[in-house]
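Trainee: Sharing a structure with you now.
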Amino acid sequence: MMTPKINICCIGAGYVGGPTMAMIAAKCPDCRVEVVDLNERRIAAWNSDELPIYEPGLEDLVKAAKGRNLFFTTDVESAVRRADVVFVSVNTPTKTFGLGMDRAADLRFVEAVARTIARSADRPKIIVEKSTIPVRTAELIHTILAHSGNGMRHQVLSNPEFLAEGSAVADLENPDRILIGGESTPEGREAMQVLVDLYAQWVPRDRILTTNLWSSELSKLVANAFLAQRISSINSISALCEATEADVDEVALAIGADSRIGPKFLRASVGFGGSCFQKDVLNLVYLCEHFGLPEAAAYWEQVIQMNDWQKRRFTVRVIRALFNTVAGKAIAIWGFAFKKDTNDTRESPAISICRQLLQERAVLHIYDPKVKPEDIRSALGVGEGDPAVRVAEDALTTVNGAHALLVLTEWDEFRSVNPAQIFQQMMKPAWVFDGRNLLDHQALRTAGFRVEGIGRAPLPGA
Ligand code: NAD
Ligand code: UDX
């Protein structure tokens with residue numbers, strides 16, 4: 001059976017909009033997909049050979065479809081007019097002012113998009129919430145459309161995105177599930193069927209879940225809250241391991257072997273980062289408070305507090321070990337992205353750790369394989385000539401004259417470094433603080449390093 005041709009517009013050409021639409025264009029050659037954004041630089045980058053975001057496999061995916069059935073443009077209104085289905089994939093950051101500050105989602109971009117659609121649409125559309133939003137946001141979109149449009153009844157669906165950065169292409173190609181929420185009216189069911197048929201072109205039908213609108217909206221926040229909670233749980237245990245000589249990776253292996261717990265997302269670390277976890281947990285906290293459930297709010301807030309503590313605890317360990325002062329000491333930082341295989345630094349634990357070390361007047365030599373030097377400096381609020389921060393072009397040059405090496409992102413290339421070679425270049429005693437338990441600690445120790453991992457007893461130098 002021929003699939004009907006669908007015109008798709010996605011508003012928001014970011015980490016979600018770009019890769020998601022590239023996958024739809026690749027898998028549904030009969031669809032025409034336009035990705036639009038107000039940010040001209042971003043659109044120009046999508047149209048160039050140097051994409052605005054780094055994701056393994058993304059370049060090939062985009063190249064294959066760009067100009068065929070995938071287009072990037074700043075002409076939002078025309079693209080909305082042409083579209084049958086409009087995905088909303090704009091940013092929904094934490095509010096930084098006023099009511100709900102530091103907790104609630106800032107929905108001004110979603111509202112602006114709803115107003116644009118109301119203004120531009122000359123026929124009913126299927127509007128798909130791809131952004132992560134608070135439960136009942138579809139109501140807000142409906143209200144704006146109903147009052148500022150020309151009386152047309154659009155359908156609003158919820159279709160949250162579960163991709164993780166660094167594995168976005170693989171996640172989009174082979175998702176655990178696709179979640180679609182909609183109204184249980186005949187029109188609502190019809191709209192959901194359009195989206196189900198779209199995804200069914202490459203996702204097995206039994207992985208496409210349909211629910212009511214509010215369950216779908218809420219499930220996205222809850223999924224991220226549960227994932228973040230697992231990391232905070234294992235990180236809380238890492239502190240206990242450091243105090244007792246248990247090894248957190250062995251504990252994770254032992255508990256993860258229980259099929260009811262499962263082995264994934266139990267890697268103790270220097271803390272979780274990324275644009276989603278903190279924002280979405282805080283959003284959940286706000287919703288619980290808003291609906292008069294302070295006990296539930298306090299429960300989830302603890303996930304964030306534990307994460308903040310984990311980052312602070314790591315920095316304090318560094319300072320304590322280095323004889324209680326890092327002032328004027330060079331410290332090598334390996335990795336600045338919030339996880340490997342991405343150039344994204346949003347909420348990266350490296351930012352708060354480096355800022356705390358700078359307050360202690362350390363001199364930082366930073367290297368990350370994918371994050372641009374200007375992005376590192378801007379995240380730390382320092383200028384190019386600032387002597388406190390030197391951004392290096394490779395891992396080896398950062399350790400020259402350094403008192404300690406901090407591993408903050410788990411990039412594979414760090415594993416292949418020869419411990420004896422870096423030890424030689426560093427001040428003595430030389431420390432490695434492995435915030436990801438990435439390196440071979442015994443080999444480092446043999447080379448002469450003092451080693452402190454996460455959730456492990458410190459190894460004194462050989
Ligand atoms: P992003 O900041 O990378 O991209 C959002 C884009 O929307 C920006 O380029 C911005 O210019 C554009 N935009 C904002 N308002 C606009 C408007 N009125 N018209 C046109 N363009 C507009 O954000 P992102 O990381 O892609 O996240 C988007 C949404 O997806 C968020 O709600 C986020 O929580 C959710 N999400 C993100 C991830 C992730 O891994 N980054 C994963 C799942 C879900
Ligand atoms: C997350 C969710 O996984 C994804 O489903 C959602 O759509 C967006 O938010 P992302 O933030 O891109 O994805 O990456 P993720 O792999 O979840 O890692 C988040 C942070 O947790 C990273 O800083 C990572 O290093 C850290 N982490 C992850 C751990 O510290 N330990 C783990 O076991 C797993």
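For the structure tokens, the naming scheme is as follows: chains receive sequential letters (A, B, ...) according to their order of presentation, residues are indexed from 1 within each chain, and ligands are indexed from 1 in presentation order.
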Hey, which residues come within 9 Å of ligand 2 if we count only C-alpha atoms and all ligand atoms? Could you give them as a PDB file with C-alpha atoms, in the first residue's frame?

Mentor:
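Result went into out11.pdb, see below:
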```
ATOM      1  CA  VAL A  16      15.983  17.126  18.950  1.00  0.00           C
ATOM      2  CA  THR A 132       9.281  18.194  26.898  1.00  0.00           C
ATOM      3  CA  PRO A 160       7.732  13.160  23.550  1.00  0.00           C
ATOM      4  CA  GLU A 161      11.255  12.358  22.418  1.00  0.00           C
ATOM      5  CA  PHE A 162      13.355   9.856  24.360  1.00  0.00           C
ATOM      6  CA  LEU A 163      16.638  10.046  22.419  1.00  0.00           C
ATOM      7  CA  ALA A 164      19.837  10.508  24.396  1.00  0.00           C
ATOM      8  CA  GLU A 165      22.598  12.715  23.045  1.00  0.00           C
ATOM      9  CA  GLY A 166      25.646  10.878  21.774  1.00  0.00           C
ATOM     10  CA  SER A 167      23.434   8.003  20.620  1.00  0.00           C
ATOM     11  CA  ALA A 168      20.642  10.047  19.020  1.00  0.00           C
ATOM     12  CA  ASP A 171      18.018   5.753  19.439  1.00  0.00           C
ATOM     13  CA  LYS A 220       8.255  12.039  29.586  1.00  0.00           C
ATOM     14  CA  ALA A 223      10.964   8.739  32.571  1.00  0.00           C
ATOM     15  CA  ASN A 224      13.697  11.352  32.999  1.00  0.00           C
ATOM     16  CA  LEU A 227      16.660   7.796  35.138  1.00  0.00           C
ATOM     17  CA  ALA A 228      18.132  10.725  37.070  1.00  0.00           C
ATOM     18  CA  ARG A 230      19.017   5.945  39.508  1.00  0.00           C
ATOM     19  CA  ILE A 231      22.175   7.995  39.009  1.00  0.00           C
ATOM     20  CA  SER A 232      21.660   9.934  42.234  1.00  0.00           C
ATOM     21  CA  ILE A 234      24.228   5.030  42.875  1.00  0.00           C
ATOM     22  CA  ASN A 235      26.133   8.282  43.466  1.00  0.00           C
ATOM     23  CA  LYS A 264      21.787   0.032  32.936  1.00  0.00           C
ATOM     24  CA  PHE A 265      22.221   3.561  34.274  1.00  0.00           C
ATOM     25  CA  LEU A 266      24.129   2.497  37.362  1.00  0.00           C
ATOM     26  CA  ARG A 267      27.470   4.116  36.499  1.00  0.00           C
ATOM     27  CA  ALA A 268      28.536   6.229  39.449  1.00  0.00           C
ATOM     28  CA  SER A 269      29.968   9.497  38.185  1.00  0.00           C
ATOM     29  CA  VAL A 270      30.932  13.011  38.970  1.00  0.00           C
ATOM     30  CA  GLY A 271      27.214  13.831  38.632  1.00  0.00           C
ATOM     31  CA  PHE A 272      24.735  13.901  35.800  1.00  0.00           C
ATOM     32  CA  GLY A 273      24.550  16.812  33.382  1.00  0.00           C
ATOM     33  CA  GLY A 274      22.762  17.584  30.141  1.00  0.00           C
ATOM     34  CA  SER A 275      19.924  19.885  29.260  1.00  0.00           C
ATOM     35  CA  CYS A 276      17.176  17.509  30.383  1.00  0.00           C
ATOM     36  CA  PHE A 277      17.556  15.752  33.724  1.00  0.00           C
ATOM     37  CA  ASP A 280      12.703  17.944  33.972  1.00  0.00           C
ATOM     38  CA  ALA A 337      31.000  17.840  27.422  1.00  0.00           C
ATOM     39  CA  PHE A 338      28.298  16.453  29.731  1.00  0.00           C
ATOM     40  CA  LYS A 339      28.897  12.972  28.304  1.00  0.00           C
ATOM     41  CA  LYS A 340      30.969  11.427  25.531  1.00  0.00           C
ATOM     42  CA  THR A 342      28.481  15.049  22.000  1.00  0.00           C
ATOM     43  CA  GLU A 347      24.605  21.611  32.679  1.00  0.00           C
ATOM     44  CA  SER A 348      27.845  19.669  32.273  1.00  0.00           C
ATOM     45  CA  PRO A 349      29.305  18.755  35.684  1.00  0.00           C
ATOM     46  CA  THR A 409      33.919  13.106  30.531  1.00  0.00           C
ATOM     47  CA  GLU A 410      34.247   9.458  29.531  1.00  0.00           C
ATOM     48  CA  ARG A 436      34.135   8.546  35.468  1.00  0.00           C
TER      49      ARG A 436
END
```

Trainee: Using 9 Å as the limit and counting only C-alpha atoms and all ligand atoms, can you tabulate each residue of chain A that touches ligand 1, with its shortest atom-to-atom distance in Å and the two atoms involved, as a Markdown table?

Mentor:
```
| residue | atom | partner | partner_atom_place_in_ligand_line | distance |
| --- | --- | --- | --- | --- |
| A:Cys10 | CA | ligand 1 | 20 (C) | 8.8 |
| A:Ile11 | CA | ligand 1 | 20 (C) | 5.1 |
| A:Gly12 | CA | ligand 1 | 7 (O) | 3.4 |
| A:Ala13 | CA | ligand 1 | 9 (O) | 4.9 |
| A:Gly14 | CA | ligand 1 | 4 (O) | 3.3 |
| A:Tyr15 | CA | ligand 1 | 26 (O) | 3.7 |
| A:Val16 | CA | ligand 1 | 26 (O) | 3.8 |
| A:Gly17 | CA | ligand 1 | 26 (O) | 5.6 |
| A:Gly18 | CA | ligand 1 | 26 (O) | 7.6 |
| A:Pro19 | CA | ligand 1 | 26 (O) | 8.9 |
| A:Val36 | CA | ligand 1 | 20 (C) | 6.1 |
| A:Asp37 | CA | ligand 1 | 21 (N) | 3.7 |
| A:Leu38 | CA | ligand 1 | 20 (C) | 4.5 |
| A:Asn39 | CA | ligand 1 | 11 (O) | 4.8 |
| A:Glu40 | CA | ligand 1 | 11 (O) | 8.5 |
| A:Arg42 | CA | ligand 1 | 9 (O) | 6.6 |
| A:Ile43 | CA | ligand 1 | 9 (O) | 8.4 |
| A:Ile53 | CA | ligand 1 | 3 (O) | 8.7 |
| A:Thr74 | CA | ligand 1 | 20 (C) | 7.8 |
| A:Val76 | CA | ligand 1 | 20 (C) | 6.7 |
| A:Val88 | CA | ligand 1 | 29 (C) | 8.2 |
| A:Ser89 | CA | ligand 1 | 28 (C) | 4.9 |
| A:Val90 | CA | ligand 1 | 7 (O) | 3.6 |
| A:Asn91 | CA | ligand 1 | 31 (C) | 4.2 |
| A:Thr92 | CA | ligand 1 | 32 (O) | 4.4 |
| A:Pro93 | CA | ligand 1 | 34 (O) | 7.1 |
| A:Arg108 | CA | ligand 1 | 15 (N) | 8.1 |
| A:Phe109 | CA | ligand 1 | 15 (N) | 4.5 |
| A:Val110 | CA | ligand 1 | 18 (N) | 6.9 |
| A:Glu111 | CA | ligand 1 | 18 (N) | 7.9 |
| A:Ala112 | CA | ligand 1 | 18 (N) | 5.1 |
| A:Val113 | CA | ligand 1 | 18 (N) | 4.8 |
| A:Ala114 | CA | ligand 1 | 18 (N) | 8.5 |
| A:Arg115 | CA | ligand 1 | 18 (N) | 8.8 |
| A:Thr116 | CA | ligand 1 | 18 (N) | 7.5 |
| A:Glu129 | CA | ligand 1 | 32 (O) | 8.9 |
| A:Lys130 | CA | ligand 1 | 30 (O) | 6.2 |
| A:Ser131 | CA | ligand 1 | 32 (O) | 3.4 |
| A:Thr132 | CA | ligand 1 | 32 (O) | 3.9 |
| A:Ile133 | CA | ligand 1 | 32 (O) | 6.2 |
| A:Pro160 | CA | ligand 1 | 44 (C) | 6.7 |
| A:Glu161 | CA | ligand 1 | 43 (C) | 4.6 |
| A:Phe162 | CA | ligand 1 | 43 (C) | 5.1 |
| A:Leu163 | CA | ligand 1 | 42 (C) | 5.3 |
| A:Ala164 | CA | ligand 1 | 40 (O) | 5.0 |
| A:Glu165 | CA | ligand 1 | 40 (O) | 4.9 |
| A:Gly166 | CA | ligand 1 | 40 (O) | 8.7 |
| A:Ala168 | CA | ligand 1 | 40 (O) | 7.8 |
| A:Lys220 | CA | ligand 1 | 44 (C) | 8.3 |
| A:Gly274 | CA | ligand 1 | 40 (O) | 7.5 |
| A:Ser275 | CA | ligand 1 | 41 (N) | 5.9 |
| A:Cys276 | CA | ligand 1 | 34 (O) | 5.4 |
| A:Phe277 | CA | ligand 1 | 34 (O) | 8.8 |
| A:Lys279 | CA | ligand 1 | 34 (O) | 7.7 |
| A:Asp280 | CA | ligand 1 | 34 (O) | 7.3 |
| A:Asp344 | CA | ligand 1 | 41 (N) | 8.7 |
```

Trainee: List every residue of segment 153-229 of chain A that has an atom at most 10 Å from any atom of segment 294-312 of chain A, giving for each one its closest atom pair and the distance in Å to one decimal, counting only C-alpha atoms, sorted by chain and then by ascending residue number, as a Markdown table.

Mentor:
```
| residue | atom | partner | partner_atom | distance |
| --- | --- | --- | --- | --- |
| A:Ala225 | CA | A:Trp300 | CA | 7.6 |
| A:Phe226 | CA | A:Trp300 | CA | 9.4 |
| A:Ala228 | CA | A:Val303 | CA | 7.0 |
| A:Gln229 | CA | A:Val303 | CA | 5.5 |
```

Trainee: Would you list the contacts of segment 413-420 of chain A as a ChimeraX atom specification, taking every protein, DNA or RNA residue within 6 Å and counting only C-alpha atoms, but skipping same-chain residues closer than 3 positions in sequence?

Mentor: /A:423,439,444,447

Trainee: List as a JSON list (two decimals) with N, CA and C atoms, in the first residue's frame the protein and nucleic acid residues near Cys9 of chain A, meaning an atom at most 7 Å away when only C-alpha atoms are counted, but skip any in the same chain fewer than 4 places from it.

Mentor:
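Dumped everything to selection_15.json:
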```
[["chain", "number", "residue", "atom", "x", "y", "z"],
["A", 33, "VAL", "N", 9.91, 17.11, 4.50],
["A", 33, "VAL", "CA", 10.15, 17.58, 5.87],
["A", 33, "VAL", "C", 10.88, 18.92, 5.85],
["A", 34, "GLU", "N", 10.29, 19.92, 6.47],
["A", 34, "GLU", "CA", 10.96, 21.23, 6.57],
["A", 34, "GLU", "C", 11.25, 21.51, 8.04],
["A", 35, "VAL", "N", 12.50, 21.79, 8.35],
["A", 35, "VAL", "CA", 12.87, 22.12, 9.73],
["A", 35, "VAL", "C", 13.12, 23.63, 9.78],
["A", 79, "ALA", "N", 6.43, 27.59, 5.96],
["A", 79, "ALA", "CA", 6.55, 26.15, 6.21],
["A", 79, "ALA", "C", 5.33, 25.65, 6.98],
["A", 80, "VAL", "N", 4.85, 26.45, 7.93],
["A", 80, "VAL", "CA", 3.66, 26.04, 8.69],
["A", 80, "VAL", "C", 2.47, 25.95, 7.74],
["A", 83, "ALA", "N", 2.41, 22.78, 5.78],
["A", 83, "ALA", "CA", 2.45, 21.50, 6.50],
["A", 83, "ALA", "C", 1.07, 20.92, 6.81],
["A", 85, "VAL", "N", 1.37, 18.30, 9.18],
["A", 85, "VAL", "CA", 1.73, 17.97, 10.56],
["A", 85, "VAL", "C", 2.81, 18.95, 11.00],
["A", 86, "VAL", "N", 2.62, 19.60, 12.15],
["A", 86, "VAL", "CA", 3.62, 20.55, 12.65],
["A", 86, "VAL", "C", 4.19, 20.03, 13.98],
["A", 87, "PHE", "N", 5.45, 19.67, 13.97],
["A", 87, "PHE", "CA", 6.11, 19.27, 15.22],
["A", 87, "PHE", "C", 6.61, 20.52, 15.93]]
```

Trainee: Which polymer residues have any atom within 10 Å of an atom of Glu183 of chain A, counting only C-alpha atoms, with same-chain residues fewer than 2 positions away left out, as an mmCIF file with N, CA and C atoms, in the first residue's frame?

Mentor:
```cif
data_model
loop_
_atom_site.group_PDB
_atom_site.id
_atom_site.type_symbol
_atom_site.label_atom_id
_atom_site.label_comp_id
_atom_site.auth_asym_id
_atom_site.auth_seq_id
_atom_site.Cartn_x
_atom_site.Cartn_y
_atom_site.Cartn_z
ATOM 1 N N GLN A 155 -5.783 19.617 15.739
ATOM 2 C CA GLN A 155 -5.594 18.530 16.704
ATOM 3 C C GLN A 155 -4.223 18.674 17.356
ATOM 4 N N VAL A 156 -4.164 18.545 18.668
ATOM 5 C CA VAL A 156 -2.878 18.608 19.363
ATOM 6 C C VAL A 156 -2.544 17.222 19.908
ATOM 7 N N LEU A 157 -1.385 16.722 19.533
ATOM 8 C CA LEU A 157 -0.924 15.416 20.025
ATOM 9 C C LEU A 157 0.327 15.612 20.870
ATOM 10 N N SER A 158 0.572 14.661 21.755
ATOM 11 C CA SER A 158 1.836 14.655 22.504
ATOM 12 C C SER A 158 2.668 13.486 21.995
ATOM 13 N N GLY A 181 0.235 10.556 22.494
ATOM 14 C CA GLY A 181 -0.975 10.824 23.268
ATOM 15 C C GLY A 181 -1.894 11.738 22.487
ATOM 16 N N THR A 185 -11.465 11.536 20.980
ATOM 17 C CA THR A 185 -12.577 11.846 20.068
ATOM 18 C C THR A 185 -12.255 11.194 18.723
ATOM 19 N N PRO A 186 -13.234 11.057 17.819
ATOM 20 C CA PRO A 186 -12.921 10.491 16.491
ATOM 21 C C PRO A 186 -11.809 11.280 15.796
ATOM 22 N N GLU A 187 -11.833 12.628 15.902
ATOM 23 C CA GLU A 187 -10.800 13.440 15.245
ATOM 24 C C GLU A 187 -9.435 13.202 15.905
ATOM 25 N N GLY A 188 -9.456 13.070 17.224
ATOM 26 C CA GLY A 188 -8.216 12.818 17.961
ATOM 27 C C GLY A 188 -7.616 11.477 17.538
ATOM 28 N N ARG A 189 -8.476 10.465 17.460
ATOM 29 C CA ARG A 189 -7.979 9.127 17.080
ATOM 30 C C ARG A 189 -7.449 9.130 15.651
ATOM 31 N N GLU A 190 -8.118 9.867 14.797
ATOM 32 C CA GLU A 190 -7.690 9.950 13.390
ATOM 33 C C GLU A 190 -6.301 10.602 13.299
ATOM 34 N N ALA A 191 -6.114 11.677 14.073
ATOM 35 C CA ALA A 191 -4.813 12.360 14.072
ATOM 36 C C ALA A 191 -3.719 11.432 14.612
ATOM 37 N N MET A 192 -4.044 10.693 15.673
ATOM 38 C CA MET A 192 -3.049 9.770 16.234
ATOM 39 C C MET A 192 -2.669 8.709 15.204
ATOM 40 N N THR A 211 -1.710 6.687 24.168
ATOM 41 C CA THR A 211 -2.313 6.945 25.486
ATOM 42 C C THR A 211 -3.137 8.220 25.405
ATOM 43 N N ASN A 212 -3.730 8.589 26.532
ATOM 44 C CA ASN A 212 -4.395 9.899 26.525
ATOM 45 C C ASN A 212 -3.320 10.993 26.600
ATOM 46 N N LEU A 213 -3.712 12.211 26.269
ATOM 47 C CA LEU A 213 -2.744 13.314 26.166
ATOM 48 C C LEU A 213 -1.930 13.504 27.431
ATOM 49 N N TRP A 214 -2.632 13.483 28.579
ATOM 50 C CA TRP A 214 -1.957 13.856 29.828
ATOM 51 C C TRP A 214 -0.979 12.766 30.264
#
```

Trainee: Work out how far atom CA of Phe323 of chain A is from atom CA of Gly401 of chain A, in Å to one decimal.

Mentor: 17.1 Å

Trainee: From a backbone DSSP assignment, name each residue in segment 218-284 of chain A labelled alpha helix (DSSP H), as a PyMOL selection string.

Mentor: chain A and resi 218-244+248-256+277-284

Trainee: Any chance you can output those residues with C-alpha atoms as a JSON list (two decimals), in the first residue's frame?

Mentor:
```json
[["chain", "number", "residue", "atom", "x", "y", "z"],
["A", 218, "LEU", "CA", 3.58, 13.30, 32.12],
["A", 219, "SER", "CA", 5.40, 10.08, 31.13],
["A", 220, "LYS", "CA", 8.25, 12.04, 29.59],
["A", 221, "LEU", "CA", 8.98, 13.91, 32.82],
["A", 222, "VAL", "CA", 8.61, 10.72, 34.84],
["A", 223, "ALA", "CA", 10.96, 8.74, 32.57],
["A", 224, "ASN", "CA", 13.70, 11.35, 33.00],
["A", 225, "ALA", "CA", 13.05, 11.62, 36.74],
["A", 226, "PHE", "CA", 13.43, 7.83, 37.16],
["A", 227, "LEU", "CA", 16.66, 7.80, 35.14],
["A", 228, "ALA", "CA", 18.13, 10.73, 37.07],
["A", 229, "GLN", "CA", 17.05, 9.11, 40.33],
["A", 230, "ARG", "CA", 19.02, 5.95, 39.51],
["A", 231, "ILE", "CA", 22.18, 7.99, 39.01],
["A", 232, "SER", "CA", 21.66, 9.93, 42.23],
["A", 233, "SER", "CA", 20.98, 6.66, 44.04],
["A", 234, "ILE", "CA", 24.23, 5.03, 42.87],
["A", 235, "ASN", "CA", 26.13, 8.28, 43.47],
["A", 236, "SER", "CA", 24.90, 8.40, 47.07],
["A", 237, "ILE", "CA", 26.25, 4.86, 47.46],
["A", 238, "SER", "CA", 29.57, 5.93, 45.89],
["A", 239, "ALA", "CA", 30.16, 8.20, 48.90],
["A", 240, "LEU", "CA", 29.53, 5.28, 51.23],
["A", 241, "CYS", "CA", 31.90, 3.09, 49.20],
["A", 242, "GLU", "CA", 34.69, 5.66, 49.49],
["A", 243, "ALA", "CA", 34.25, 5.57, 53.27],
["A", 244, "THR", "CA", 34.13, 1.78, 53.59],
["A", 248, "VAL", "CA", 30.79, 1.08, 43.73],
["A", 249, "ASP", "CA", 31.26, -0.59, 40.33],
["A", 250, "GLU", "CA", 31.24, -4.00, 42.01],
["A", 251, "VAL", "CA", 28.14, -3.02, 43.98],
["A", 252, "ALA", "CA", 26.47, -1.82, 40.74],
["A", 253, "LEU", "CA", 27.33, -5.11, 39.05],
["A", 254, "ALA", "CA", 25.95, -7.10, 41.96],
["A", 255, "ILE", "CA", 22.66, -5.23, 42.24],
["A", 256, "GLY", "CA", 22.25, -4.84, 38.46],
["A", 277, "PHE", "CA", 17.56, 15.75, 33.72],
["A", 278, "GLN", "CA", 17.80, 18.71, 36.07],
["A", 279, "LYS", "CA", 15.24, 20.77, 34.20],
["A", 280, "ASP", "CA", 12.70, 17.94, 33.97],
["A", 281, "VAL", "CA", 13.06, 16.81, 37.60],
["A", 282, "LEU", "CA", 12.63, 20.42, 38.75],
["A", 283, "ASN", "CA", 9.59, 20.69, 36.53],
["A", 284, "LEU", "CA", 8.15, 17.59, 38.21]]
```

Trainee: Could you pull out the residues in segment 35-252 of chain A that DSSP calls strand (DSSP E) from the backbone, as a PyMOL selection string?

Mentor: chain A and resi 35-36+70-73+85-88+126-129+155-158+178-182+208-212

Trainee: Can you tell me which residues surround Asp375 of chain A at a distance of at most 12 Å, considering only C-alpha atoms, apart from same-chain residues fewer than 6 positions away, and format the answer as an mmCIF file with C-alpha atoms, in the first residue's frame?

Mentor:
```cif
data_model
loop_
_atom_site.group_PDB
_atom_site.id
_atom_site.type_symbol
_atom_site.label_atom_id
_atom_site.label_comp_id
_atom_site.auth_asym_id
_atom_site.auth_seq_id
_atom_site.Cartn_x
_atom_site.Cartn_y
_atom_site.Cartn_z
ATOM 1 C CA PHE A 336 34.133 19.197 29.169
ATOM 2 C CA ALA A 337 31.000 17.840 27.422
ATOM 3 C CA ASN A 343 29.666 18.655 21.811
ATOM 4 C CA ASP A 344 26.895 19.704 24.198
ATOM 5 C CA THR A 345 28.002 21.295 27.485
ATOM 6 C CA ARG A 346 24.599 22.234 28.891
ATOM 7 C CA ILE A 351 31.238 23.583 34.422
ATOM 8 C CA ILE A 366 41.291 21.961 29.540
ATOM 9 C CA TYR A 367 40.860 19.568 26.617
ATOM 10 C CA ASP A 368 37.709 18.156 25.040
ATOM 11 C CA GLY A 381 32.762 33.168 31.838
ATOM 12 C CA VAL A 382 36.413 33.862 30.907
ATOM 13 C CA GLY A 383 37.926 35.703 27.954
ATOM 14 C CA GLU A 384 40.437 34.315 25.434
ATOM 15 C CA VAL A 391 42.223 25.311 26.270
#
```

Trainee: Excluding Asp176 of chain A and residues on its chain fewer than 2 positions from it, collect all residues at most 10 Å away from it, counting only C-alpha atoms, and give them as a ChimeraX atom specification.

Mentor: /A:162-163,171-174,178-179,203-204,207-208
